[in-house]
>>> print(open('data_3.cif').read())   # mmCIF, C-alpha atoms
data_model
loop_
_atom_site.label_atom_id
_atom_site.label_comp_id
_atom_site.auth_asym_id
_atom_site.auth_seq_id
_atom_site.Cartn_x
_atom_site.Cartn_y
_atom_site.Cartn_z
CA MET A 20 92.26 90.81 -60.25
CA LEU A 21 94.99 90.96 -57.59
CA ALA A 22 95.38 88.16 -55.05
CA ALA A 23 97.70 87.50 -52.09
CA VAL A 24 98.92 84.00 -52.89
CA LEU A 25 100.87 81.93 -50.36
CA HIS A 26 103.49 79.75 -52.08
CA GLY A 27 105.24 78.58 -48.93
CA VAL A 28 106.45 79.77 -45.54
CA GLY A 29 107.57 83.38 -45.92
CA ASP A 30 106.62 83.41 -49.59
CA LEU A 31 103.50 85.53 -50.14
CA ARG A 32 103.11 87.06 -53.60
CA ILE A 33 100.67 89.68 -54.85
CA GLU A 34 99.70 88.23 -58.20
CA THR A 35 97.37 89.07 -61.06
CA ARG A 36 94.88 86.27 -61.57
CA SER A 37 91.84 85.71 -63.73
CA VAL A 38 88.42 86.23 -62.19
CA PRO A 39 87.02 82.74 -61.51
CA VAL A 40 83.71 81.49 -62.91
CA PRO A 41 81.16 79.95 -60.52
CA GLY A 42 80.26 76.33 -61.03
CA ALA A 43 77.12 74.54 -59.90
CA GLY A 44 76.17 75.60 -56.38
CA GLU A 45 78.86 78.29 -56.26
CA VAL A 46 78.74 82.05 -55.95
CA LEU A 47 81.23 84.60 -57.22
CA VAL A 48 81.70 87.27 -54.55
CA ARG A 49 83.36 90.63 -55.16
CA ILE A 50 85.35 91.28 -51.96
CA ASP A 51 84.64 94.49 -50.05
CA ALA A 52 86.87 93.76 -47.03
CA CYS A 53 88.75 90.79 -45.61
CA GLY A 54 90.11 90.31 -42.12
CA VAL A 55 93.53 88.90 -41.26
CA CYS A 56 94.03 86.68 -38.21
CA GLY A 57 96.70 84.84 -36.28
CA SER A 58 96.15 81.64 -38.25
CA ASP A 59 96.97 83.49 -41.47
CA ALA A 60 100.14 84.84 -39.86
CA THR A 61 101.21 81.40 -38.64
CA GLU A 62 100.78 79.84 -42.09
CA PHE A 63 102.65 82.75 -43.68
CA GLY A 64 105.58 83.04 -41.33
CA ARG A 65 106.03 79.99 -39.14
CA HIS A 66 104.83 76.67 -40.55
CA LEU A 67 102.13 75.20 -42.76
CA VAL A 68 99.42 73.57 -40.68
CA LEU A 69 96.30 74.08 -42.77
CA ALA A 70 97.33 75.85 -45.95
CA ALA A 71 97.84 73.93 -49.18
CA PRO A 72 100.02 76.22 -51.34
CA PRO A 73 99.75 77.80 -53.75
CA VAL A 74 96.58 79.26 -52.22
CA THR A 75 95.08 82.72 -51.78
CA LEU A 76 94.77 83.47 -48.06
CA GLY A 77 91.74 85.09 -46.40
CA HIS A 78 88.82 83.45 -44.61
CA GLU A 79 87.16 86.45 -42.88
CA PHE A 80 85.44 88.32 -45.66
CA VAL A 81 82.39 90.24 -46.73
CA GLY A 82 81.44 91.05 -50.28
CA THR A 83 78.79 91.55 -52.90
CA VAL A 84 77.40 88.77 -55.08
CA GLU A 85 78.66 89.23 -58.62
CA SER A 86 77.15 86.13 -60.21
CA VAL A 87 75.85 82.68 -59.28
CA GLY A 88 76.27 79.21 -60.69
CA ALA A 89 73.63 76.68 -61.68
CA GLY A 90 71.28 75.62 -58.90
CA VAL A 91 71.75 78.73 -56.73
CA ASP A 92 68.27 80.13 -56.22
CA ASP A 93 68.42 82.00 -52.89
CA LEU A 94 71.17 84.51 -53.76
CA SER A 95 71.33 86.97 -56.61
CA ALA A 96 73.67 89.65 -57.93
CA GLY A 97 73.93 92.67 -55.65
CA ALA A 98 73.30 90.86 -52.36
CA VAL A 99 75.75 91.62 -49.55
CA VAL A 100 77.05 88.39 -48.03
CA VAL A 101 79.35 87.17 -45.27
CA CYS A 102 81.04 83.80 -45.50
CA GLY A 103 81.57 81.03 -42.98
CA ALA A 104 84.65 79.83 -44.91
CA GLY A 105 84.43 76.28 -43.52
CA ILE A 106 83.10 73.77 -46.04
CA ALA A 107 81.37 70.69 -44.60
CA CYS A 108 80.11 67.62 -46.47
CA GLY A 109 76.65 67.69 -44.86
CA GLU A 110 76.51 63.89 -44.76
CA CYS A 111 78.89 62.52 -42.10
CA LYS A 112 77.83 61.88 -38.50
CA PRO A 113 78.91 65.27 -37.07
CA CYS A 114 77.19 67.08 -39.94
CA SER A 115 73.99 65.10 -39.40
CA GLU A 116 74.11 66.18 -35.73
CA GLY A 117 74.49 69.84 -36.67
CA ARG A 118 78.19 69.97 -35.73
CA THR A 119 79.42 70.98 -39.16
CA ASN A 120 82.64 72.41 -37.72
CA LEU A 121 83.66 68.82 -36.93
CA CYS A 122 82.91 67.47 -40.41
CA ARG A 123 85.08 64.49 -41.26
CA SER A 124 86.14 66.15 -44.52
CA TYR A 125 86.14 69.79 -43.39
CA THR A 126 88.07 72.23 -45.58
CA THR A 127 88.41 76.00 -45.42
CA ILE A 128 88.34 78.81 -47.93
CA GLY A 129 91.58 80.71 -47.50
CA PHE A 130 93.63 77.65 -46.58
CA HIS A 131 92.51 74.74 -48.76
CA HIS A 132 90.67 76.81 -51.37
CA ASP A 133 91.47 80.29 -52.66
CA GLY A 134 90.27 82.92 -50.20
CA GLY A 135 89.23 86.51 -49.76
CA LEU A 136 92.56 88.35 -49.95
CA ALA A 137 91.72 88.96 -53.59
CA GLY A 138 89.35 90.95 -55.73
CA TYR A 139 86.94 88.04 -56.11
CA VAL A 140 86.41 84.66 -54.47
CA LEU A 141 84.29 81.61 -55.13
CA ALA A 142 82.25 80.15 -52.26
CA PRO A 143 79.54 77.50 -51.98
CA ALA A 144 76.15 79.16 -51.62
CA GLY A 145 75.46 77.15 -48.46
CA ILE A 146 78.12 78.98 -46.44
CA LEU A 147 77.08 82.48 -47.46
CA LEU A 148 74.67 84.49 -45.32
CA ASP A 149 72.71 87.26 -47.02
CA VAL A 150 73.12 90.29 -44.76
CA THR A 151 71.78 92.92 -47.13
CA ASP A 152 68.89 93.72 -44.81
CA ALA A 153 71.17 94.06 -41.78
CA GLY A 154 72.08 97.48 -43.15
CA LEU A 155 75.58 97.40 -41.63
CA ALA A 156 78.69 98.85 -43.22
CA THR A 157 80.81 96.25 -44.95
CA ASP A 158 83.86 96.99 -42.77
CA THR A 159 81.69 96.10 -39.78
CA LEU A 160 80.42 92.93 -41.45
CA ALA A 161 84.01 91.83 -42.10
CA LEU A 162 84.12 91.08 -38.36
CA ALA A 163 81.34 88.48 -38.58
CA GLN A 164 83.55 85.40 -38.90
CA PRO A 165 85.76 86.04 -35.82
CA MET A 166 82.66 87.17 -33.92
CA ALA A 167 81.05 83.81 -34.79
CA ILE A 168 84.05 82.03 -33.27
CA GLY A 169 83.48 83.97 -30.05
CA VAL A 170 79.78 83.15 -30.13
CA HIS A 171 80.54 79.46 -30.62
CA ALA A 172 83.01 79.33 -27.73
CA VAL A 173 80.49 80.92 -25.38
CA ARG A 174 77.73 78.57 -26.53
CA ARG A 175 79.97 75.58 -26.00
CA SER A 176 80.70 76.77 -22.46
CA GLY A 177 77.03 77.00 -21.49
CA LEU A 178 77.56 80.45 -19.93
CA ARG A 179 74.34 82.17 -18.91
CA ALA A 180 73.07 85.25 -17.12
CA GLY A 181 73.90 85.34 -13.41
CA GLN A 182 77.13 83.40 -13.77
CA ASP A 183 80.70 84.67 -13.48
CA ALA A 184 83.26 84.08 -16.21
CA VAL A 185 86.99 84.68 -16.65
CA ILE A 186 88.65 85.29 -20.02
CA VAL A 187 92.45 85.01 -20.06
CA GLY A 188 93.80 86.75 -23.16
CA ALA A 189 92.24 89.84 -24.75
CA GLY A 190 93.67 89.66 -28.24
CA GLY A 191 91.58 89.09 -31.37
CA ILE A 192 89.48 86.07 -30.40
CA GLY A 193 89.52 86.96 -26.69
CA THR A 194 87.93 90.29 -27.57
CA PHE A 195 85.10 88.64 -29.49
CA ILE A 196 84.56 86.08 -26.70
CA THR A 197 84.31 89.02 -24.29
CA ILE A 198 81.53 90.57 -26.39
CA ALA A 199 79.61 87.31 -26.67
CA ALA A 200 80.08 86.44 -22.98
CA ALA A 201 78.94 89.85 -21.75
CA ALA A 202 75.90 89.63 -24.03
CA THR A 203 74.64 86.63 -22.04
CA GLY A 204 74.27 88.82 -18.95
CA ALA A 205 77.13 87.11 -17.12
CA ARG A 206 79.74 89.05 -15.14
CA VAL A 207 83.06 88.88 -16.98
CA LEU A 208 86.61 89.38 -15.72
CA VAL A 209 89.25 89.75 -18.46
CA VAL A 210 92.96 89.12 -17.86
CA ASP A 211 95.69 90.46 -20.14
CA PRO A 212 99.13 92.12 -19.78
CA ASN A 213 98.07 95.04 -22.00
CA GLN A 214 96.15 97.78 -20.16
CA ASP A 215 94.74 99.25 -23.37
CA ARG A 216 93.15 95.91 -24.19
CA LEU A 217 91.72 95.66 -20.70
CA ASP A 218 90.21 99.13 -21.06
CA LEU A 219 88.67 98.08 -24.38
CA ALA A 220 87.30 94.88 -22.83
CA GLN A 221 85.42 96.94 -20.26
CA LYS A 222 84.03 99.17 -23.02
CA LEU A 223 82.78 95.99 -24.65
CA GLY A 224 80.94 94.76 -21.57
CA ALA A 225 83.48 93.17 -19.23
CA SER A 226 82.80 93.91 -15.57
CA ALA A 227 86.48 94.16 -14.63
CA GLY A 228 90.01 93.74 -15.93
CA LEU A 229 93.14 92.30 -14.37
CA ARG A 230 96.63 93.22 -15.54
CA ALA A 231 98.56 89.97 -15.83
CA GLY A 232 101.70 89.97 -13.71
CA GLY A 233 100.13 91.85 -10.82
CA SER A 234 97.66 90.36 -8.36
CA THR A 235 96.90 86.69 -8.83
CA LEU A 236 93.71 85.67 -10.55
CA ALA A 237 92.56 83.78 -7.46
CA ASP A 238 93.07 86.83 -5.22
CA THR A 239 91.36 89.16 -7.68
CA LEU A 240 88.28 86.95 -7.92
CA GLU A 241 88.05 86.93 -4.14
CA GLU A 242 88.46 90.73 -3.96
CA LEU A 243 85.73 91.23 -6.56
CA GLY A 244 83.39 88.78 -4.88
CA MET A 245 83.24 86.67 -8.04
CA ASP A 246 82.81 82.91 -7.84
CA ALA A 247 83.76 82.06 -11.41
CA ASP A 248 81.82 79.28 -13.07
CA ILE A 249 83.58 79.26 -16.44
CA PHE A 250 87.16 80.03 -17.48
CA PHE A 251 88.21 80.70 -21.09
CA GLU A 252 91.95 80.26 -21.68
CA VAL A 253 92.53 82.22 -24.91
CA SER A 254 96.19 83.22 -24.61
CA GLY A 255 97.55 79.77 -25.39
CA SER A 256 100.18 80.36 -22.69
CA ALA A 257 101.28 77.98 -19.96
CA SER A 258 101.05 80.81 -17.43
CA GLY A 259 97.45 81.53 -18.43
CA LEU A 260 96.45 77.91 -17.94
CA ALA A 261 98.33 77.71 -14.63
CA ALA A 262 96.53 80.81 -13.33
CA ILE A 263 93.18 79.28 -14.20
CA LEU A 264 93.98 75.96 -12.53
CA GLU A 265 95.06 77.80 -9.39
CA ALA A 266 91.85 79.85 -9.29
CA ALA A 267 89.22 77.38 -10.49
CA LYS A 268 86.95 76.05 -7.76
CA PRO A 269 85.54 72.50 -7.85
CA GLY A 270 82.82 72.14 -10.46
CA SER A 271 84.26 74.82 -12.76
CA THR A 272 84.13 74.60 -16.54
CA ILE A 273 87.42 75.26 -18.33
CA VAL A 274 87.40 76.13 -22.04
CA PRO A 275 90.86 75.97 -23.66
CA VAL A 276 90.49 78.19 -26.73
CA GLY A 277 94.11 79.18 -27.37
CA ILE A 278 96.32 76.38 -28.65
CA GLN A 279 98.79 75.35 -25.95
CA ARG A 280 102.30 74.89 -27.35
CA GLY A 281 104.28 71.93 -26.18
CA GLU A 282 102.91 69.45 -23.69
CA PRO A 283 101.62 71.19 -20.54
CA ALA A 284 101.86 69.16 -17.36
CA LEU A 285 98.32 68.30 -16.28
CA ALA A 286 97.54 66.89 -12.85
CA LEU A 287 94.56 64.92 -14.08
CA GLY A 288 93.97 63.41 -10.65
CA SER A 289 93.09 66.80 -9.23
CA TRP A 290 90.89 67.54 -12.28
CA THR A 291 88.96 64.36 -11.49
CA LEU A 292 88.62 65.12 -7.79
CA ARG A 293 87.52 68.71 -8.49
CA GLU A 294 85.06 67.49 -11.13
CA TYR A 295 86.13 70.02 -13.73
CA THR A 296 84.31 70.09 -17.04
CA ILE A 297 86.75 70.56 -19.92
CA VAL A 298 85.13 71.90 -23.08
CA GLY A 299 86.89 72.11 -26.43
CA THR A 300 85.82 74.63 -29.03
CA VAL A 301 86.88 75.07 -32.64
CA ALA A 302 85.70 77.38 -35.42
CA HIS A 303 81.91 77.84 -35.50
CA VAL A 304 78.66 76.28 -36.65
CA PHE A 305 77.63 78.46 -39.56
CA ALA A 306 73.86 77.98 -39.34
CA SER A 307 73.57 78.97 -35.68
CA ASP A 308 76.61 81.10 -34.88
CA PHE A 309 76.71 83.45 -37.87
CA PRO A 310 73.24 84.99 -37.47
CA GLU A 311 74.01 85.72 -33.81
CA ALA A 312 77.38 87.20 -34.75
CA VAL A 313 75.72 89.61 -37.18
CA ARG A 314 73.13 90.50 -34.55
CA LEU A 315 75.88 91.37 -32.07
CA LEU A 316 77.63 93.51 -34.68
CA GLY A 317 74.42 95.51 -34.92
CA THR A 318 74.48 96.38 -31.21
CA ARG A 319 77.20 99.04 -31.63
CA GLU A 320 77.46 101.86 -34.12
CA ASP A 321 81.25 102.09 -34.19
CA TRP A 322 83.74 99.23 -34.19
CA SER A 323 86.77 101.36 -35.00
CA ASP A 324 88.28 100.50 -31.59
CA ILE A 325 88.59 96.94 -32.89
CA ALA A 326 89.18 97.60 -36.59
CA GLY A 327 90.05 101.23 -37.19
CA GLU A 328 91.98 101.09 -40.44
CA VAL A 329 91.70 99.25 -43.74
CA ILE A 330 94.92 98.59 -45.62
CA PRO A 331 95.56 97.80 -49.29
CA LEU A 332 96.38 94.29 -50.41
CA SER A 333 99.95 95.27 -51.29
CA ASP A 334 100.69 96.00 -47.61
CA VAL A 335 99.16 92.88 -46.08
CA ALA A 336 102.46 91.15 -45.26
CA GLU A 337 104.20 94.24 -43.90
CA LEU A 338 101.32 95.82 -41.97
CA ALA A 339 99.21 92.83 -40.92
CA LEU A 340 100.81 89.39 -41.13
CA THR A 341 104.33 90.18 -39.90
CA PRO A 342 103.25 92.31 -36.89
CA LEU A 343 100.84 89.54 -35.85
CA LEU A 344 103.54 86.93 -36.20
CA GLU A 345 106.02 88.95 -34.15
CA GLY A 346 103.51 89.86 -31.45
CA ARG A 347 103.76 93.60 -32.05
CA SER A 348 100.45 94.28 -33.75
CA THR A 349 98.63 97.25 -32.23
CA ARG A 350 95.38 96.31 -33.95
CA ILE A 351 92.78 93.93 -32.56
CA LYS A 352 91.75 93.20 -36.13
CA SER A 353 93.42 94.12 -39.43
CA LEU A 354 91.15 94.60 -42.44
CA VAL A 355 92.20 94.59 -46.10
CA ASP A 356 90.48 96.22 -49.07
CA PRO A 357 91.76 94.43 -52.20
CA TRP A 358 90.65 97.35 -54.39
CA ALA A 359 92.37 100.11 -52.38
CA THR A 360 95.70 101.68 -53.27
CA ASP A 361 96.19 103.41 -49.92
CA ALA A 362 95.20 102.82 -46.31
CA ARG A 363 91.91 104.40 -45.23
CA PRO A 364 89.89 104.73 -42.02
CA ALA A 365 87.44 101.90 -41.52
CA ARG A 366 83.81 102.75 -42.22
CA HIS A 367 81.47 101.41 -39.56
CA GLY A 368 77.86 102.00 -38.62
CA ARG A 369 74.92 101.74 -41.00
CA ARG A 370 75.09 101.71 -44.78
#
>>> encode(input="data_3.cif", output="structure tokens")
Amino acid sequence: MLAAVLHGVGDLRIETRSVPVPGAGEVLVRIDACGVCGSDATEFGRHLVLAAPPVTLGHEFVGTVESVGAGVDDLSAGAVVVCGAGIACGECKPCSEGRTNLCRSYTTIGFHHDGGLAGYVLAPAGILLDVTDAGLATDTLALAQPMAIGVHAVRRSGLRAGQDAVIVGAGGIGTFITIAAAATGARVLVVDPNQDRLDLAQKLGASAGLRAGGSTLADTLEELGMDADIFFEVSGSASGLAAILEAAKPGSTIVPVGIQRGEPALALGSWTLREYTIVGTVAHVFASDFPEAVRLLGTREDWSDIAGEVIPLSDVAELALTPLLEGRSTRIKSLVDPWATDARPARHGRR
């Protein structure tokens, strides 16, 4: 099989590797499609934060069960599965409290273990969800992992119907947070410098969009008659955080999703006096967030406005990782078919 193996920063090689054999508790999955995200791009082109080279990248994948190892009784060959990628011990304090994303020994397929940018991948059965009966196209199901991250961020925030929310940053994860936030019944304002992304956000359920660099967020909320309860900062930019802090009323909840670079100046005294609630969010909780992510994927027939093209493995660096790294990607989500020799339109809808 072919695999996209990261050997170091800037050193991604398409290699021929043997198909692995599942051990006890493991499942061999034949990859149908695998998503590429900003974390993959960072590991490839900027610096190693998570990845332990040499390792096959890819943590957003869907596939078909090829075979199972000893002790796997609830999955069988032919089942369509999506993978949570994060591997938790199941025994530490966070795991015992259902917060598996905070496991003390958390590792990830695609960074610490060989991932889905390959023909086949091994995964523990416990982080595979059988989605055969969902009846969705596999290119659609390849969006389940980033959708689960959006679901988790919204759950962490406590957002509910009747509230107002602001999402700053409408890139990959911001788009999935928009979908999950709108699904609660809340009114959602999305802020981004790209008008096309704002238009897409409104197609996905946002009530309004604000082009960054124009009117201030505070003024726009007042004009729209929105009294925002929850702010998601997804851009990771200092300007995005500053806009939120200017607009947030006392009692607001602020959810920093994007990773802030450097050390932003924080006037903690004013945070205290305004009684802000600051909520961190990372990854997802597989057991609760993945089923909801798949449900949300079933609410639309066509996701081609988010993932419209599927590229071959040989083009992953040139067409997916490098554009993401350089901030010039025109795709919300890039998908890879490790078996394809040419790019093809994504196939969404029902199988």
>>> atom_distance(input="data_3.cif", atom1="CA of Val99 in chain A", atom2="CA of Gly154 in chain A")
9.4 Å
>>> closest_residue(input="data_3.cif", among="A:Thr157, A:Arg230, A:Leu243, A:Gly103", to="Ser307 in chain A", atoms="all atoms listed in the file")
A:Gly103
>>> closest_residue(input="data_3.cif", among="A:Val304, A:Glu62, A:Ala362, A:Val170", to="Pro113 in chain A", atoms="all atoms listed in the file")
A:Val304
>>> residues_around(input="data_3.cif", residues="Thr126 in chain A", least_positions_apart="3", cutoff="7 Å", atoms="only C-alpha atoms", output="list of chain:residue names")
A:Gly105, A:Ile106, A:Ala107, A:His131
>>> resolve_selection(input="data_3.cif", expression="the PyMOL selection byres ((chain A and resi 330) around 12)", output="MDAnalysis selection string")
chainID A and resid 51:55 136 158 326:329 331:340 350 352:365
>>> resolve_selection(input="data_3.cif", expression="the PyMOL selection byres ((chain A and resi 26-35) around 10)", output="number ranges by chain")
A: 20-25, 36-38, 60-67, 70-76, 136-138, 332-336, 341
>>> write_last_selection(input="data_3.cif", atoms="C-alpha atoms", output="tab-separated table (two decimals), keeping the file's coordinate frame")
chain	number	residue	atom	x	y	z
A	20	MET	CA	92.26	90.81	-60.25
A	21	LEU	CA	94.99	90.96	-57.59
A	22	ALA	CA	95.38	88.16	-55.05
A	23	ALA	CA	97.70	87.50	-52.09
A	24	VAL	CA	98.92	84.00	-52.89
A	25	LEU	CA	100.87	81.93	-50.36
A	36	ARG	CA	94.88	86.27	-61.57
A	37	SER	CA	91.84	85.71	-63.73
A	38	VAL	CA	88.42	86.23	-62.19
A	60	ALA	CA	100.14	84.84	-39.86
A	61	THR	CA	101.21	81.40	-38.64
A	62	GLU	CA	100.78	79.84	-42.09
A	63	PHE	CA	102.65	82.75	-43.68
A	64	GLY	CA	105.58	83.04	-41.33
A	65	ARG	CA	106.03	79.99	-39.14
A	66	HIS	CA	104.83	76.67	-40.55
A	67	LEU	CA	102.13	75.20	-42.76
A	70	ALA	CA	97.33	75.85	-45.95
A	71	ALA	CA	97.84	73.93	-49.18
A	72	PRO	CA	100.02	76.22	-51.34
A	73	PRO	CA	99.75	77.80	-53.75
A	74	VAL	CA	96.58	79.26	-52.22
A	75	THR	CA	95.08	82.72	-51.78
A	76	LEU	CA	94.77	83.47	-48.06
A	136	LEU	CA	92.56	88.35	-49.95
A	137	ALA	CA	91.72	88.96	-53.59
A	138	GLY	CA	89.35	90.95	-55.73
A	332	LEU	CA	96.38	94.29	-50.41
A	333	SER	CA	99.95	95.27	-51.29
A	334	ASP	CA	100.69	96.00	-47.61
A	335	VAL	CA	99.16	92.88	-46.08
A	336	ALA	CA	102.46	91.15	-45.26
A	341	THR	CA	104.33	90.18	-39.90
